[in-house]
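One file, upload_14.cif, carrying mmCIF, C-alpha atoms and all ligand atoms:
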```cif
data_my_file
loop_
_atom_site.label_atom_id
_atom_site.label_comp_id
_atom_site.auth_asym_id
_atom_site.auth_seq_id
_atom_site.Cartn_x
_atom_site.Cartn_y
_atom_site.Cartn_z
CA MET B 8 -8.36 -113.01 -104.01
CA VAL B 9 -10.95 -111.03 -101.98
CA LYS B 10 -9.38 -109.63 -98.80
CA LEU B 11 -11.28 -110.46 -95.63
CA ASN B 12 -12.38 -107.36 -93.74
CA LYS B 13 -11.99 -108.09 -90.02
CA ASP B 14 -14.79 -105.79 -88.84
CA ASP B 15 -17.25 -107.09 -91.44
CA PHE B 16 -16.39 -110.68 -90.57
CA ASN B 17 -16.76 -110.08 -86.82
CA ASP B 18 -20.03 -108.28 -87.45
CA LYS B 19 -21.34 -111.20 -89.52
CA ILE B 20 -20.39 -113.87 -86.98
CA PHE B 21 -21.64 -111.98 -83.90
CA THR B 22 -24.87 -110.92 -85.60
CA ARG B 23 -25.64 -114.54 -86.51
CA ILE B 24 -25.01 -115.64 -82.90
CA ASN B 25 -27.03 -112.74 -81.48
CA ASN B 26 -29.93 -113.58 -83.79
CA LEU B 27 -29.85 -117.26 -82.77
CA ILE B 28 -29.90 -116.30 -79.07
CA SER B 29 -32.83 -113.96 -79.54
CA ASP B 30 -34.77 -116.13 -82.05
CA TYR B 31 -34.67 -119.12 -79.70
CA ASP B 32 -34.82 -117.05 -76.51
CA LEU B 33 -31.71 -118.90 -75.30
CA ILE B 34 -30.97 -116.43 -72.49
CA LYS B 35 -33.39 -114.46 -70.34
CA GLU B 36 -32.76 -111.30 -68.36
CA GLY B 37 -31.16 -111.88 -64.96
CA GLU B 38 -30.07 -115.47 -65.61
CA LEU B 39 -26.67 -116.85 -64.64
CA ILE B 40 -25.14 -118.67 -67.62
CA ALA B 41 -22.16 -121.00 -67.16
CA VAL B 42 -19.87 -121.29 -70.18
CA ALA B 43 -18.08 -124.64 -70.54
CA LEU B 44 -14.64 -123.23 -71.31
CA SER B 45 -12.06 -125.74 -72.55
CA GLY B 46 -9.81 -123.08 -74.06
CA GLY B 47 -10.43 -124.40 -77.61
CA LYS B 48 -11.66 -122.07 -80.35
CA ASP B 49 -15.36 -122.96 -80.02
CA SER B 50 -15.67 -122.45 -76.28
CA VAL B 51 -13.56 -119.28 -76.43
CA LEU B 52 -15.78 -117.79 -79.15
CA THR B 53 -18.84 -118.75 -77.07
CA LEU B 54 -17.44 -116.82 -74.12
CA HIS B 55 -16.62 -113.76 -76.27
CA ALA B 56 -20.04 -113.90 -77.97
CA LEU B 57 -21.95 -114.07 -74.68
CA LYS B 58 -19.83 -111.27 -73.24
CA ASN B 59 -20.74 -109.26 -76.33
CA TYR B 60 -24.43 -110.17 -75.89
CA GLN B 61 -24.36 -108.64 -72.41
CA GLN B 62 -24.47 -105.29 -74.22
CA LEU B 63 -27.98 -106.24 -75.39
CA LEU B 64 -29.32 -108.06 -72.33
CA ASP B 65 -28.63 -107.91 -68.60
CA PHE B 66 -27.51 -111.38 -67.48
CA ASP B 67 -24.55 -112.90 -65.60
CA LEU B 68 -21.73 -115.09 -66.82
CA VAL B 69 -19.39 -117.56 -65.18
CA ALA B 70 -16.96 -119.95 -66.89
CA ILE B 71 -16.09 -123.52 -65.89
CA SER B 72 -13.03 -125.42 -67.10
CA VAL B 73 -12.47 -129.13 -66.53
CA ASP B 74 -8.97 -130.59 -66.66
CA GLU B 75 -9.44 -134.20 -67.76
CA GLY B 76 -5.82 -135.08 -67.01
CA ILE B 77 -4.31 -135.59 -70.49
CA ASP B 78 -0.58 -135.16 -70.13
CA GLY B 79 1.10 -132.79 -72.59
CA TYR B 80 -2.23 -131.65 -74.05
CA ARG B 81 -4.68 -130.12 -71.62
CA GLN B 82 -2.46 -127.50 -69.94
CA HIS B 83 -2.41 -125.15 -72.94
CA GLY B 84 -6.21 -125.26 -73.04
CA ILE B 85 -6.38 -124.37 -69.36
CA ASP B 86 -3.91 -121.50 -69.87
CA SER B 87 -6.02 -120.19 -72.74
CA ALA B 88 -9.22 -120.49 -70.66
CA VAL B 89 -7.58 -118.56 -67.80
CA LYS B 90 -6.32 -115.83 -70.15
CA ASN B 91 -9.58 -115.35 -72.05
CA ALA B 92 -11.69 -115.33 -68.87
CA LYS B 93 -9.33 -112.78 -67.33
CA ASP B 94 -9.29 -110.57 -70.46
CA LEU B 95 -13.11 -110.56 -70.49
CA ASN B 96 -13.40 -110.17 -66.73
CA VAL B 97 -15.43 -113.36 -66.31
CA LYS B 98 -15.00 -115.52 -63.19
CA LEU B 99 -13.48 -118.92 -64.04
CA VAL B 100 -14.09 -121.98 -61.85
CA GLN B 101 -11.44 -124.65 -62.47
CA LYS B 102 -12.20 -128.33 -61.88
CA SER B 103 -10.31 -131.52 -62.64
CA PHE B 104 -10.99 -135.25 -62.93
CA LYS B 105 -8.20 -135.81 -60.40
CA ASP B 106 -9.81 -133.62 -57.72
CA GLU B 107 -13.41 -134.61 -58.43
CA GLU B 108 -13.05 -138.31 -59.25
CA GLY B 109 -9.64 -139.28 -57.89
CA PHE B 110 -8.07 -140.21 -61.25
CA ALA B 111 -6.85 -138.57 -64.45
CA LEU B 112 -8.14 -139.66 -67.87
CA ASP B 113 -4.61 -140.90 -68.63
CA ASP B 114 -4.96 -143.37 -65.71
CA ILE B 115 -8.13 -145.04 -66.94
CA TYR B 116 -8.57 -144.53 -70.70
CA SER B 117 -6.98 -147.86 -71.68
CA ASP B 118 -9.85 -149.76 -70.08
CA PHE B 119 -12.29 -148.37 -72.66
CA LYS B 120 -12.77 -148.80 -76.40
CA SER B 121 -12.25 -145.06 -76.78
CA ALA B 122 -10.91 -142.51 -74.25
CA CYS B 123 -13.77 -140.25 -75.34
CA ILE B 124 -16.31 -142.51 -73.56
CA PRO B 125 -15.15 -141.89 -69.96
CA CYS B 126 -13.92 -138.40 -70.90
CA GLY B 127 -17.35 -137.26 -72.08
CA VAL B 128 -19.24 -138.92 -69.25
CA PHE B 129 -17.12 -137.53 -66.40
CA ARG B 130 -16.72 -134.08 -68.00
CA ARG B 131 -20.49 -133.69 -68.46
CA ASN B 132 -21.02 -134.91 -64.92
CA ILE B 133 -18.52 -132.43 -63.39
CA LEU B 134 -19.79 -129.55 -65.53
CA ASN B 135 -23.38 -130.21 -64.54
CA LYS B 136 -22.61 -130.54 -60.82
CA THR B 137 -20.47 -127.39 -60.82
CA ALA B 138 -22.98 -125.30 -62.77
CA TYR B 139 -25.80 -126.50 -60.49
CA GLU B 140 -23.81 -125.65 -57.35
CA LEU B 141 -23.01 -122.18 -58.73
CA GLY B 142 -26.71 -121.55 -59.36
CA ALA B 143 -26.34 -121.34 -63.14
CA VAL B 144 -29.61 -121.98 -64.98
CA LYS B 145 -28.01 -122.93 -68.30
CA ILE B 146 -24.67 -124.25 -69.54
CA ALA B 147 -23.48 -122.69 -72.81
CA THR B 148 -21.34 -125.08 -74.83
CA GLY B 149 -19.23 -124.41 -77.91
CA HIS B 150 -21.00 -126.92 -80.17
CA ASN B 151 -20.86 -125.53 -83.69
CA LEU B 152 -22.74 -126.47 -86.86
CA ASP B 153 -20.20 -129.16 -87.81
CA ASP B 154 -20.32 -130.72 -84.31
CA GLU B 155 -24.10 -130.89 -84.50
CA ILE B 156 -24.05 -132.60 -87.90
CA GLN B 157 -21.42 -135.07 -86.66
CA SER B 158 -23.46 -135.85 -83.53
CA PHE B 159 -26.53 -136.40 -85.67
CA LEU B 160 -24.73 -138.92 -87.89
CA MET B 161 -23.16 -140.59 -84.83
CA SER B 162 -26.60 -141.16 -83.35
CA PHE B 163 -27.74 -142.64 -86.66
CA ALA B 164 -24.66 -144.87 -86.79
CA ARG B 165 -25.35 -146.10 -83.25
CA GLY B 166 -29.09 -146.48 -83.78
CA ASP B 167 -29.55 -144.17 -80.81
CA THR B 168 -32.64 -142.14 -81.74
CA ILE B 169 -33.18 -141.10 -78.10
CA LYS B 170 -30.17 -138.81 -78.61
CA PHE B 171 -32.21 -136.88 -81.20
CA SER B 172 -33.82 -135.15 -78.23
CA LYS B 173 -30.40 -133.60 -77.50
CA PHE B 174 -30.21 -131.79 -80.84
CA GLY B 175 -31.12 -128.21 -81.47
CA PRO B 176 -29.78 -124.94 -80.00
CA GLU B 177 -31.35 -125.52 -76.58
CA LEU B 178 -32.26 -128.51 -74.47
CA ASP B 179 -35.40 -128.64 -72.40
CA VAL B 180 -35.39 -128.74 -68.61
CA ILE B 181 -36.09 -132.42 -67.95
CA HIS B 182 -34.88 -132.69 -64.36
CA PRO B 183 -34.40 -130.03 -61.67
CA LYS B 184 -30.76 -131.10 -61.11
CA LEU B 185 -29.84 -131.29 -64.79
CA VAL B 186 -28.77 -127.85 -65.96
CA PRO B 187 -30.02 -127.48 -69.56
CA ARG B 188 -27.56 -126.77 -72.37
CA ILE B 189 -27.64 -123.95 -74.88
CA LYS B 190 -25.50 -123.88 -78.03
CA PRO B 191 -24.98 -120.29 -79.23
CA LEU B 192 -22.76 -121.51 -82.12
CA TRP B 193 -25.36 -124.03 -83.29
CA ASN B 194 -25.55 -122.53 -86.81
CA THR B 195 -21.95 -121.29 -87.03
CA PRO B 196 -19.69 -123.40 -89.30
CA GLU B 197 -16.46 -124.63 -87.68
CA LYS B 198 -14.37 -123.02 -90.44
CA GLU B 199 -15.68 -119.58 -89.47
CA VAL B 200 -14.90 -120.17 -85.79
CA GLY B 201 -11.28 -120.88 -86.74
CA MET B 202 -11.17 -117.81 -89.00
CA TRP B 203 -12.53 -115.62 -86.20
CA ALA B 204 -9.80 -116.81 -83.83
CA VAL B 205 -7.05 -116.27 -86.41
CA ILE B 206 -8.04 -112.83 -87.70
CA ASN B 207 -8.59 -111.52 -84.18
CA ASP B 208 -5.36 -113.10 -82.90
CA ILE B 209 -7.21 -114.82 -80.05
CA ASP B 210 -5.19 -117.02 -77.71
CA ILE B 211 -6.72 -120.47 -78.21
CA HIS B 212 -5.69 -124.06 -77.79
CA LEU B 213 -5.31 -125.53 -81.28
CA ASP B 214 -3.67 -128.92 -80.65
CA GLU B 215 -5.57 -132.12 -81.37
CA CYS B 216 -6.29 -134.32 -78.38
CA PRO B 217 -3.95 -137.35 -78.57
CA TYR B 218 -6.96 -139.65 -78.09
CA SER B 219 -9.24 -138.03 -80.68
CA HIS B 220 -8.19 -140.27 -83.60
CA LEU B 221 -9.74 -143.26 -81.81
CA SER B 222 -13.22 -141.77 -81.72
CA LEU B 223 -16.18 -142.37 -84.02
CA ARG B 224 -16.59 -138.58 -84.14
CA ALA B 225 -13.14 -138.18 -85.71
CA LYS B 226 -13.98 -140.70 -88.43
CA ILE B 227 -17.32 -139.03 -89.19
CA LYS B 228 -15.70 -135.59 -89.17
CA GLU B 229 -13.13 -136.72 -91.73
CA PHE B 230 -15.83 -138.34 -93.87
CA LEU B 231 -17.91 -135.14 -93.84
CA ASN B 232 -14.94 -132.88 -94.63
CA VAL B 233 -13.80 -135.07 -97.55
CA SER B 234 -17.40 -135.30 -98.84
CA GLU B 235 -17.89 -131.54 -98.53
CA ASP B 236 -14.70 -130.91 -100.53
CA GLN B 237 -15.86 -133.20 -103.33
CA TYR B 238 -19.58 -132.41 -103.17
CA PRO B 239 -20.05 -128.89 -101.75
CA GLY B 240 -23.32 -128.59 -99.84
CA VAL B 241 -23.26 -132.06 -98.28
CA LYS B 242 -23.07 -130.72 -94.70
CA GLN B 243 -25.95 -128.31 -95.22
CA ASN B 244 -28.03 -131.11 -96.79
CA VAL B 245 -27.43 -133.35 -93.77
CA MET B 246 -28.42 -130.50 -91.46
CA ASP B 247 -31.59 -129.78 -93.47
CA SER B 248 -32.57 -133.47 -93.38
CA PHE B 249 -31.96 -133.50 -89.68
CA LYS B 250 -34.23 -130.50 -89.13
CA LYS B 251 -37.00 -132.23 -91.10
CA ILE B 252 -36.63 -135.39 -89.02
CA LEU B 253 -36.68 -133.34 -85.81
CA ALA B 254 -39.94 -131.74 -86.92
CA PHE B 255 -41.46 -135.25 -87.09
CA GLU B 256 -39.81 -136.43 -83.92
CA ASN B 257 -40.45 -133.42 -81.73
CA ASP B 258 -42.35 -135.50 -79.24
CA ILE B 259 -39.22 -137.47 -78.29
CA SER B 260 -38.67 -136.87 -74.61
CA THR B 261 -36.66 -138.52 -71.91
CA SER B 262 -37.78 -138.78 -68.32
CA LEU B 263 -35.01 -138.83 -65.73
CA ASN B 264 -34.51 -140.47 -62.35
CA GLU B 265 -31.87 -139.72 -59.73
CA CYS B 266 -28.87 -142.05 -59.60
CA GLU B 267 -29.17 -144.49 -56.71
CA GLU B 268 -25.48 -144.00 -55.90
CA CYS B 269 -24.68 -140.30 -56.35
CA GLY B 270 -28.06 -138.62 -56.80
CA GLU B 271 -27.22 -137.07 -60.19
CA PRO B 272 -29.92 -137.11 -62.92
CA THR B 273 -29.94 -140.23 -65.10
CA SER B 274 -32.23 -142.04 -67.51
CA SER B 275 -31.60 -145.36 -65.69
CA ASN B 276 -31.24 -146.28 -62.03
CA ILE B 277 -27.47 -145.77 -61.96
CA CYS B 278 -25.89 -142.85 -63.83
CA LYS B 279 -23.29 -143.42 -66.53
CA ALA B 280 -20.49 -141.96 -64.36
CA CYS B 281 -21.21 -144.39 -61.48
CA GLU B 282 -21.54 -147.25 -63.96
CA LEU B 283 -18.08 -146.46 -65.38
CA LYS B 284 -16.63 -146.07 -61.85
CA ARG B 285 -17.83 -149.60 -61.06
CA GLU B 286 -15.91 -150.83 -64.10
CA ILE B 287 -12.82 -148.85 -63.14
CA ILE B 288 -12.70 -150.21 -59.55
CA SER B 289 -13.33 -153.80 -60.60
CA PRO B 290 -10.28 -156.05 -60.07
CA ASN B 291 -10.26 -156.80 -63.82
CA CYS B 292 -9.66 -153.17 -64.65
CA LYS B 293 -6.04 -152.39 -65.53
CA ALA B 294 -6.06 -149.04 -63.76
CA HIS B 295 -7.87 -150.35 -60.65
CA ILE B 296 -8.28 -146.97 -59.01
CA GLU B 297 -8.88 -146.56 -55.29
CA TYR B 298 -11.61 -143.97 -54.89
CA LYS B 299 -11.29 -141.14 -52.45
CA GLN B 300 -14.76 -141.86 -51.03
FE1 LIG B 401 -11.81 -136.19 -74.33
FE2 LIG B 401 -12.05 -137.52 -76.65
FE3 LIG B 401 -12.23 -134.85 -76.59
FE4 LIG B 401 -9.88 -136.04 -76.14
S1 LIG B 401 -11.06 -136.08 -78.06
S2 LIG B 401 -10.75 -134.34 -74.97
S3 LIG B 401 -10.53 -137.87 -75.04
S4 LIG B 401 -13.66 -136.31 -75.65
#
```
Starting from the coordinates I provided, produce the structure as C-alpha cells.
Ligand code: SF4
Amino acid sequence: MVKLNKDDFNDKIFTRINNLISDYDLIKEGELIAVALSGGKDSVLTLHALKNYQQLLDFDLVAISVDEGIDGYRQHGIDSAVKNAKDLNVKLVQKSFKDEEGFALDDIYSDFKSACIPCGVFRRNILNKTAYELGAVKIATGHNLDDEIQSFLMSFARGDTIKFSKFGPELDVIHPKLVPRIKPLWNTPEKEVGMWAVINDIDIHLDECPYSHLSLRAKIKEFLNVSEDQYPGVKQNVMDSFKKILAFENDISTSLNECEECGEPTSSNICKACELKREIISPNCKAHIEYKQ
C-alpha cells in the first residue's frame, strides 16, 4: 500500500483551493470574508484554507457559527469552531436560533416533513444577517464537490431549475442585502476533506446530525456513494453534465424583493423564514412558539 505523505497531500489540497480562488477571483484584496463555521470538517478546512490564502492576498476574515439547538449534537461542533478559530486567531461571532428566533430546532422540527427545511432556512437567514451587519462582502461556505453534485440532483428531483443559478463556486450579487456566497472547496472531493482532517489531527465535529437521515440529501448522498463504488466515475460524470447544462443555462437569474415583514431579501413578497414563522405560530402547530417580538 502506498503511504500517504502528509506534506504532499496538504500541498495538493491547498494548491487546488488556491487555484480555484484565483481562477474565479473569489476574493479581492481588502475584502472582509465571513466563514460559515459549523465546526464540521468542511467548514474547518475552509477556514484553514482561507487563513493560508492570506499569505498570498491581503484580506480580512471573520467566522460565524450558528447553534441550531439540536440537543446532544451541536455542542461539539461549537466547541470545535471555537477551538479552530482561536488556533488560527480568527474572530468568531456565535449566534443561535434560540437568541435570534426565540426557539431551538428541537422545539419546532416535528412540524415539518424534514428538520432540514426550517434548519436550512433559519441558518441561512441568520448567517446572512450577521455577515451583512459585520460588513462582510462574501460568505465562504464549506460546500465540497460531493455537496454540489448532491444539490444538483436534488434540484433535478424537485424540478427546481431556478436553483441552478445557485451552483458554481461563486454566486452573483443579486440584492444589496444578500451577501453572496463563495465555495472554496467547490472542486474538492469530500473524501479528501476527511483525509485532510485525519492526517493533520484537526479537531472537528464528526457526528451525524440526528435529523439527517430524514433528508432527501441523505438519500441522494447514499445513492451516489453506492453508485460510485460500483461504477467509479459516476460523480465526476454528473458534475461534468452539470457544467454543460450550466453553460446553456447561464442566463438564469433571480430578481429579489425585500420581505414585507422583516426586510430581508426574498424572491417573493414574504421571505421563507417569515413564511415558516407564520406556520410555527399558527394554533395548529404542535410547537406553537410565542415569538419574542
Ligand atoms: Fe440541520 Fe438537516 Fe443539517 Fe441536521 S442535517 S444540521 S437538521 S440541515
(request) Return as a PyMOL selection string the residues of protein, DNA or RNA that approach ligand LIG 401 (chain B) to within 8 Å, with all atoms listed in the file taken into account. (result) chain B and resi 75+77+112+121-127+215-220+222
(message) Report as a PyMOL selection string all protein, DNA and RNA residues lying within 7 Å of B:Asp65, evaluated on all atoms listed in the file, omitting residues in the same chain fewer than 4 positions from it.
(response) chain B and resi 36-37+61
(request) Find, counting only C-alpha atoms, the residue in B:Leu63, B:Val73, B:Leu27, B:Val180 that gets nearest to B:Val42. (result) B:Val73
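Taking atom CA of B:Gly46 and atom CA of B:Ala147 as endpoints, the distance between them is 13.7 Å.
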(request) Can you pull out every residue within 8 Å of B:Lys184, counting all atoms listed in the file, but drop anything in the same chain fewer than 3 positions away, and send it as an MDAnalysis selection string? (result) chainID B and resid 139 271:272
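In this structure, atom CA of B:Ala92 sits 15.4 Å away from atom CA of B:Tyr60.
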(message) as a ChimeraX atom specification, please: the residues near stretch 97-105 of chain B (cut-off 10 Å, only C-alpha atoms, same-chain neighbours under 2 positions excluded).
(response) /B:41-44,54,58,67-76,85,88-95,107-112,114,126,129-130,133-134,137-138,141
How big is the axis-aligned box around all listed atoms of stretch 43-54 of chain B once 5 Å goes on each side, and where's its centre, in Å to one decimal, as JSON?
```
{"center_x": -14.3, "center_y": -121.3, "center_z": -75.4, "size_x": 19.0, "size_y": 18.9, "size_z": 19.8}
```
(request) Provide the atom CA of B:Ala143 to atom CA of B:Val186 distance in Å, to one decimal place. (result) 7.5 Å
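Ranking B:Gly166, B:Pro196, B:Pro191, B:Gly270 by their shortest atom-to-atom distance to B:Leu178, with all atoms listed in the file included, puts B:Pro191 first.
Considering all atoms listed in the file, the residue among B:Gly149, B:Pro176, B:Arg165, B:Asp214 positioned nearest to B:Ser29 is B:Pro176.
Here the question is which of B:Ser262, B:Leu160, B:Leu231, B:Tyr116 gets nearest to B:His182 using all atoms listed in the file, and that residue is B:Ser262.
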(message) At a cut-off of 12 Å, using all atoms listed in the file, what residues contact B:Glu282? Leave out same-chain residues fewer than 2 positions from it and give the result as a ChimeraX atom specification.
(response) /B:124-125,128-129,266-269,273,275-280,284-289
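Distance check against B:Gly84 using only C-alpha atoms: of B:Leu52, B:Ile24, B:Leu213, B:Cys292, the minimum falls on B:Leu213.
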(request) Give the answer as one residue: which of B:Gly175, B:Lys145, B:Val241, B:Phe119 has the shortest atom-to-atom distance to B:Leu253, using only C-alpha atoms? (result) B:Gly175
(request) Dig up all the protein and nucleic acid residues within 12 Å of (-27.4, -129.4, -95.2) in the file frame, using all atoms listed in the file, and format them as a PyMOL selection string. (result) chain B and resi 152-153+155-157+159+194+196+231+235+238-251
